[in-house]
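Q: Input: one structure, supplied below.
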Amino acid sequence: MATVAANPAAAAAAVAAAAAVTEDREPQHEELPGLDSQWRQIENGESGRERPLRAGESWFLVEKHWYKQWEAYVQGGDQDSSTFPGCINNATLFQDEINWRLKEGLVEGEDYVLLPAAAWHYLVSWYGLEHGQPPIERKVIELPNIQKVEVYPVELLLVRHNDLGKSHTVQFSHTDSIGLVLRTARERFLVEPQEDTRLWAKNSEGSLDRLYDTHITVLDAALETGQLIIMETRKKDGTWPSAQLHVMNNNMSEEDEDFKGQPGICGLTNLGNTCFMNSALQCLSNVPQLTEYFLNNCYLEELNFRNPLGMKGEIAEAYADLVKQAWSGHHRSIVPHVFKHDSQELLSFLLDGLHEDLNRVKKKEYVELCDAAGRPDQEVAQEAWQNHKRRNDSVIVDTFHGLFKSTLVCPDCGNVSVTFDPFCYLSVPLPISHKRVLEVFFIPMDPRRKPEQHRLVVPKKGKISDLCVALSKHTGISPERMMVADVFSHRFYKLYQLEEPLSSILDRDDIFVYEVSGRIEAIEGSREDIVVPVYLRERTPARDYNNSYYGLMLFGHPLLVSVPRDRFTWEGLYNVLMYRLSRYVTKPNSDDEDDGDEKEDDEEDKDDVPGPSTGGSLRDPEPEQAGPSSGVTNRCPFLLDNCLGTSQWPPRRRRKQLFTLQTVNSNGTSDRTTSPEEVHAQPYIAIDWEPEMKKRYYDEVEAEGYVKHDCVGYVMKKAPVRLQECIELFTTVETLEKENPWYCPSCKQHQLATKKLDLWMLPEILIIHLKRFSYTKFSREKLDTLVEFPIRDLDFSEFVIQPQNESNPELYKYDLIAVSNHYGGMRDGHYTTFACNKDSGQWHYFDDNSVSPVNENQIESKAAYVLFYQRQDVARRLLSPAGSSGAPASPACSSPPSSEFMDVN
């Protein structure tokens with residue numbers, strides 16, 4: 001790690017002094033400050049080691065024996081004493097003098113002391129550092145509820161995928177990002193800027209995990225010292241060499257002829273974010289008739305190597321190998337290399353690939369789709385199914401395909417179009433709540449009241465005005481006296497208009513609602529107060545050796561301040577702001593005042609200090625956006641009375657002012673002058689603080705304080721829904737979206753027709769996909785609604801519109817055989833499987849290569865994502881001796897044996 005100085009000038013002096021000390025070996029005593037002065041600078045004050053830690057800053061380790069000798073020297077009071085400590089020597093802290101790695105198990109206070117950067121540089125400048133020794137610099141990291149100096153950083157072994165024998169040991173802080181690890185690896189291996197790279201971590205089990213998120217920290221990624229980090233580079237053909245990385249996987253499953261377990265109870269090794277693939281494969285593997293089809297080698301006669309839509313039989317053969325391994329009983333887990341796939345559409349992809357590889361139709365004929373044209377449904381449905389089978393005939397069609405009836409009605413001419421379309425699975429919607437919970441901060445005008453955190457229940461499709469109405473019920477403040485803003489990085493990212501949709505507010509946005517008593521734009525002749533956006537800034541020394549130049553840094557929360565029109569001068573604005581900030585800004589007392597006409601100032605102060613404003617109302621303020629989405633064209637109210645002719649205040653100094661005022665741009669990053677070009681720009685005001693004035697008069701703790709309203713404890717409960725409700729919603733009439741209109745053959749134009757889907761014919765295995773992932777223009781979310789689904793006797797008789805066979809109710813009743821689960825959110829998550837073994841009737845939980853027996857009452861959870869149901873007549877057929885070489889048990893026919901069960905809910 002590079003040595004970091006707290007003060008550049010001090011660092012330069014320290015380096016020069018250290019060089020002199022190293023050169024002379026003995027520092028000149030007369031160059032040392034007095035012993036008392038040394039003690040104060042090292043032990044006390046802002047630079048001393050007693051001050052609190054601050055996240056991100058650097059502290060240095062000093063060997064305890066040397067430091068104790070220095071303490072004895074300075075406390076002895078004799079600069080010529082024989083206890084003079086000499087150069088700083090940390091030799092006993094290192095394992096060796098080659099890599100300069102710290103010894104393990106060093107303890108603060110026993111082996112070393114910690115010094116902040118400034119104190120360290122003082123000691124180096126006074127006493128020097130032992131020749132050749134590096135400074136032991138460490139960062140302060142912030143962990144939950146604690147800040148600590150990270151004495152032992154993480155040492156990672158960086159290697160390239162094509163040169164695993166050559167590694168680079170690099171130290172990283174626990175708070176460093178994975179992005180920094182990637183950038184460091186690219187630098188070490190001299191990767192060209194145009195080349196794509198990504199990282200893998202070899203875990204303790206020997207398998208590899210992709211480091212997807214480069215923004216998370218080393219700590220969050222759970223990386224440890226000594227861990228191997230592999231960087232791979234995309235090949236020229238666009239593929240990744242990941243297929244070769246598995247050769248290092250020490251957890252490879254090999255066939256063990258001595259092991260004999262239950263067929264089908266076999267895990268699948270995760271190849272790096274392939275848990276969805278594993279879950280889908282486990283579900284399919286537990287479809288009895290499909291598994292029997294492959295185990296009995298029926299697929300060999302139906303492989304289609306010439307189908308241009310297929311994979312030349314590769315998928316079918318690979319899946320057959322997987323099924324035979326999983327059901328051989330000789331494996332605890334296997335590695336499904338061929339199926340490595342990261343897409344959530346893997347299940348659909350796999351079924352379609354298997355179908356095309358096993359399609360019995362070798363040459364597909366052209367089939368014209370025919371509309372019902374008034375013909376009976378039975379006739380049209382039979383024709384549609386026959387046409388489908390003329391092009392698509394496989395074990396997948398036999399097992400998974402059903403038939404929809406689709407009815408479209410033109411809203412203009414009333415033309416009705418009826419078609420029958422095959423399907424492989426049902427994607428059913430979940431009932432979605434029309435309410436939404438938003439958290440906001442309310443900033444009252446009364447400076448004595450702290451900001452309040454509120455949790456509001458608002459309509460999902462509501463407007464900003466609905467948010468104000470909801471907040472008004474909590475605060476008693478009229479909605480007309482509220483302005484809503486998105487605050488980001490100490491500035492106004494956006495000021496919302498009342499008519500804007502609430503959907504434009506994301507859950508992660510920081511929303512502030514300000515009580516105001518006027519408008520943000522000035523109207524000539526109006527007596528309303530003027531609302532001014534105000535930023536807080538602090539002057540900070542620039543990062544150079546010239547202390548005369550200062551930069552400005554935003555801090556705190558911005559304000560929307562209502563200013564009475566008759567006080568709209570620089571002096572009046574200053575006094576209004578002093579009043580608004582009075583809760584956490586201390587007013588100077590008489591001892592702090594500068595020389596001047598105090599009586600005159602006091603009278604002026606009495607006239608100008610405003611109380612709480614009670615007048616004015618907010619009439620459709622239509623605030624424009626600030627910051628990145630700014631498009632403000634309102635007139636500048638400062639120019640109405642021409643009283644603010646300069647850009648900065650105070651122009652002269654009669655009494656002590658705590659801060660200065662400055663007109664700035666919407667981001668608060670640059671100052672503005674009231675030039676003619678800016679007459680039509682909405683002004684923003686910055687309160688600029690000198691560091692000493694801010695430290696003395698500004699209470700940061702009180703400024704950041706807020707109170708929680710009782711509503712913050714409110715949690716909107718989500719009632720569970722029945723699977724039947726989802727199916728009812730699926731078959732409900734809906735109007736097509738604008739992005740997907742229907743071409744009406746009668747009107748000869750695209751129409752937003754009404755559409756209704758009905759179930760005509762159901763397959764042997766019905767796959768029901770619960771649409772948990774919701775996508776809108778402004779947000780993406782996962783619905784964690786609990787869907788209650790039956791294990792046995794799911795009855796579809798009320799949903800199938802085809803004339804039913806009353807003598808065989810089993811044609812409409814289904815039993816559950818598998819569930820694919822998804823845990824987590826939109827960007828990350830984990831997939832697992834519940835499945836019923838076709839031979840034993842026992843339910844098991846599959847979590848990659850881990851398999852455990854479970855109870856039926858553990859299957860239903862909020863994680864359920866894809867459901868696999870088997871028709872009861874099929875289960876009865878498979879039970880018969882002619883149906884299978886074995887004697888499979890229906891999941892509906894036997895209770896799972898008592899065993900060790902795991903709780904996964």
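In the structure tokens, each chain is lettered A, B, ... as it comes, each chain's residues begin at 1, and ligands are numbered from 1 in order of appearance.
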Could you pull the residues within 7 Å of stretch 161-166 of chain A, counting only C-alpha atoms, minus those fewer than 3 positions along the same chain, as a list in words?
A: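 Counting only C-alpha atoms, the residues come to Ile230, Met231 and Glu232 of chain A.
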Q: Please list as a list in words every residue within 10 Å of A:Arg583, counting only C-alpha atoms and excluding residues in the same chain fewer than 3 positions away.
A: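 Close residues of A:Arg583: Asp446, Pro447, Arg448, Arg449, Lys450, Met578, Tyr579, Arg580, Thr586, Tyr698, Asp699, Glu702 and Ala703 of chain A.
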Q: Could I get the residues of stretch 657-770 of chain A with an atom no further than 12 Å from an atom of stretch 270-284 of chain A, each paired with its nearest atom pair and that distance in Å to one decimal, using only C-alpha atoms, sorted by chain and residue number, as a Markdown table?
A:
| residue | atom | partner | partner_atom | distance |
| --- | --- | --- | --- | --- |
| A:Ile765 | CA | A:Leu284 | CA | 10.2 |
| A:Leu766 | CA | A:Leu284 | CA | 11.8 |
| A:Ile767 | CA | A:Cys283 | CA | 10.1 |
| A:His769 | CA | A:Ala280 | CA | 11.9 |
Q: Record the distance separating atom CA of A:Gly226 and atom CA of A:Leu156, expressed in Å with one decimal.
A: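 Taking atom CA of A:Gly226 as the start and atom CA of A:Leu156 as the end point, the length is 5.4 Å.
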Q: In stretch 698-788 of chain A, what's strand (DSSP E or B) per DSSP? Answer as a count of residues only?
A: 36
Q: Grab the atom CA of A:Thr83 to atom CA of A:Leu106 distance for me, in Å with one decimal place.
A: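 Separation of atom CA of A:Thr83 and atom CA of A:Leu106: 25.6 Å.
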Q: Residues within 8 Å of A:Ala753, please, as a ChimeraX atom specification. Count only C-alpha atoms; anything in the same chain fewer than 4 positions from it doesn't count.
A: /A:408-411,735-736,741-742
Q: I need the chosen residues saved as a CSV table (one decimal), in the first residue's frame, with all heavy atoms.
A:
chain,number,residue,atom,x,y,z
A,408,LEU,N,-60.0,-13.2,-29.8
A,408,LEU,CA,-59.7,-11.7,-30.0
A,408,LEU,C,-60.9,-11.0,-30.5
A,408,LEU,O,-61.5,-11.5,-31.5
A,408,LEU,CB,-58.5,-11.5,-30.9
A,408,LEU,CG,-57.1,-11.9,-30.4
A,408,LEU,CD1,-56.1,-12.1,-31.5
A,408,LEU,CD2,-56.6,-10.9,-29.4
A,409,VAL,N,-61.3,-9.9,-29.9
A,409,VAL,CA,-62.4,-9.1,-30.4
A,409,VAL,C,-62.0,-7.7,-30.7
A,409,VAL,O,-61.3,-7.0,-29.9
A,409,VAL,CB,-63.5,-9.1,-29.3
A,409,VAL,CG1,-64.7,-8.3,-29.8
A,409,VAL,CG2,-63.9,-10.5,-28.9
A,410,CYS,N,-62.3,-7.3,-31.9
A,410,CYS,CA,-61.9,-5.9,-32.4
A,410,CYS,C,-62.8,-4.9,-31.7
A,410,CYS,O,-64.1,-5.1,-31.7
A,410,CYS,CB,-62.1,-5.8,-33.9
A,410,CYS,SG,-61.7,-4.2,-34.5
A,411,PRO,N,-62.3,-3.9,-31.1
A,411,PRO,CA,-63.1,-2.9,-30.4
A,411,PRO,C,-63.9,-2.0,-31.3
A,411,PRO,O,-64.9,-1.3,-30.9
A,411,PRO,CB,-62.1,-2.0,-29.6
A,411,PRO,CG,-60.8,-2.2,-30.4
A,411,PRO,CD,-60.8,-3.5,-31.0
A,735,THR,N,-57.0,-6.3,-22.3
A,735,THR,CA,-56.9,-5.5,-23.5
A,735,THR,C,-55.4,-5.4,-23.9
A,735,THR,O,-54.5,-5.2,-23.1
A,735,THR,CB,-57.4,-4.0,-23.3
A,735,THR,OG1,-58.7,-4.1,-22.9
A,735,THR,CG2,-57.2,-3.2,-24.6
A,736,LEU,N,-55.1,-5.6,-25.2
A,736,LEU,CA,-53.7,-5.7,-25.7
A,736,LEU,C,-53.0,-4.3,-25.4
A,736,LEU,O,-53.7,-3.3,-25.5
A,736,LEU,CB,-53.7,-6.0,-27.2
A,736,LEU,CG,-54.2,-7.4,-27.6
A,736,LEU,CD1,-54.1,-7.6,-29.1
A,736,LEU,CD2,-53.4,-8.5,-26.8
A,741,PRO,N,-50.2,-4.5,-30.7
A,741,PRO,CA,-51.6,-4.5,-31.2
A,741,PRO,C,-51.9,-5.7,-32.1
A,741,PRO,O,-51.0,-6.4,-32.5
A,741,PRO,CB,-51.6,-3.2,-32.0
A,741,PRO,CG,-50.2,-3.0,-32.5
A,741,PRO,CD,-49.4,-3.6,-31.4
A,742,TRP,N,-53.2,-5.9,-32.4
A,742,TRP,CA,-53.6,-7.0,-33.2
A,742,TRP,C,-54.1,-6.4,-34.5
A,742,TRP,O,-54.8,-5.5,-34.6
A,742,TRP,CB,-54.7,-7.8,-32.5
A,742,TRP,CG,-55.4,-8.8,-33.4
A,742,TRP,CD1,-54.8,-9.9,-33.9
A,742,TRP,CD2,-56.8,-8.8,-33.8
A,742,TRP,NE1,-55.8,-10.6,-34.7
A,742,TRP,CE2,-57.0,-10.0,-34.6
A,742,TRP,CE3,-57.8,-8.0,-33.5
A,742,TRP,CZ2,-58.2,-10.3,-35.1
A,742,TRP,CZ3,-59.1,-8.3,-34.1
A,742,TRP,CH2,-59.2,-9.4,-34.9
Q: Which residues are near A:Lys362? Cut-off 9 Å, only C-alpha atoms, ignore same chain within fewer than 2 positions. Put them as a ChimeraX atom specification.
A: /A:304,306-307,359-360,364,391
Q: Take the residues that were just selected and, keeping C-alpha atoms, output them as a PDB file, in the first residue's frame.
A:
ATOM      1  CA  ASN A 304     -33.173 -36.505 -35.238  1.00  0.00           C
ATOM      2  CA  ARG A 306     -30.840 -33.449 -39.450  1.00  0.00           C
ATOM      3  CA  ASN A 307     -33.399 -31.141 -37.941  1.00  0.00           C
ATOM      4  CA  ASN A 359     -38.841 -34.893 -33.405  1.00  0.00           C
ATOM      5  CA  ARG A 360     -40.314 -37.848 -35.240  1.00  0.00           C
ATOM      6  CA  LYS A 364     -41.660 -30.505 -41.856  1.00  0.00           C
ATOM      7  CA  ARG A 391     -44.749 -30.615 -37.808  1.00  0.00           C
TER       8      ARG A 391
END
Q: In terms of the shortest atom-to-atom distance over only C-alpha atoms, which of A:Gly668, A:Ser504, A:Lys494, A:Gly518 is closest to A:Tyr535?
A: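 Selected residue with least distance to A:Tyr535: A:Gly668.
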Q: Tell me which protein, DNA and RNA residues are within 9 Å of A:Arg390, counting only C-alpha atoms, leaving out same-chain ones fewer than 6 positions away, and put them as a list of chain:residue names.
A: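 Non-adjacent residues within range: A:Val361, A:Lys364, A:Glu365, A:Val367.
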Q: Dump N, CA, C and O atoms for the selected residues as a PDB file, in the first residue's frame?
A:
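The resulting part.pdb:
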ATOM      1  N   VAL A 361     -40.904 -36.116 -36.847  1.00  0.00           N
ATOM      2  CA  VAL A 361     -41.140 -35.568 -38.180  1.00  0.00           C
ATOM      3  C   VAL A 361     -39.793 -35.186 -38.773  1.00  0.00           C
ATOM      4  O   VAL A 361     -39.142 -34.251 -38.322  1.00  0.00           O
ATOM      5  N   LYS A 364     -40.477 -31.254 -42.243  1.00  0.00           N
ATOM      6  CA  LYS A 364     -41.660 -30.505 -41.856  1.00  0.00           C
ATOM      7  C   LYS A 364     -42.338 -29.899 -43.084  1.00  0.00           C
ATOM      8  O   LYS A 364     -41.701 -29.237 -43.897  1.00  0.00           O
ATOM      9  N   GLU A 365     -43.620 -30.146 -43.179  1.00  0.00           N
ATOM     10  CA  GLU A 365     -44.393 -29.569 -44.284  1.00  0.00           C
ATOM     11  C   GLU A 365     -44.962 -28.217 -43.877  1.00  0.00           C
ATOM     12  O   GLU A 365     -45.106 -27.918 -42.696  1.00  0.00           O
ATOM     13  N   VAL A 367     -47.737 -25.671 -43.107  1.00  0.00           N
ATOM     14  CA  VAL A 367     -49.113 -25.750 -42.631  1.00  0.00           C
ATOM     15  C   VAL A 367     -49.634 -24.337 -42.466  1.00  0.00           C
ATOM     16  O   VAL A 367     -49.036 -23.520 -41.763  1.00  0.00           O
TER      17      VAL A 367
END
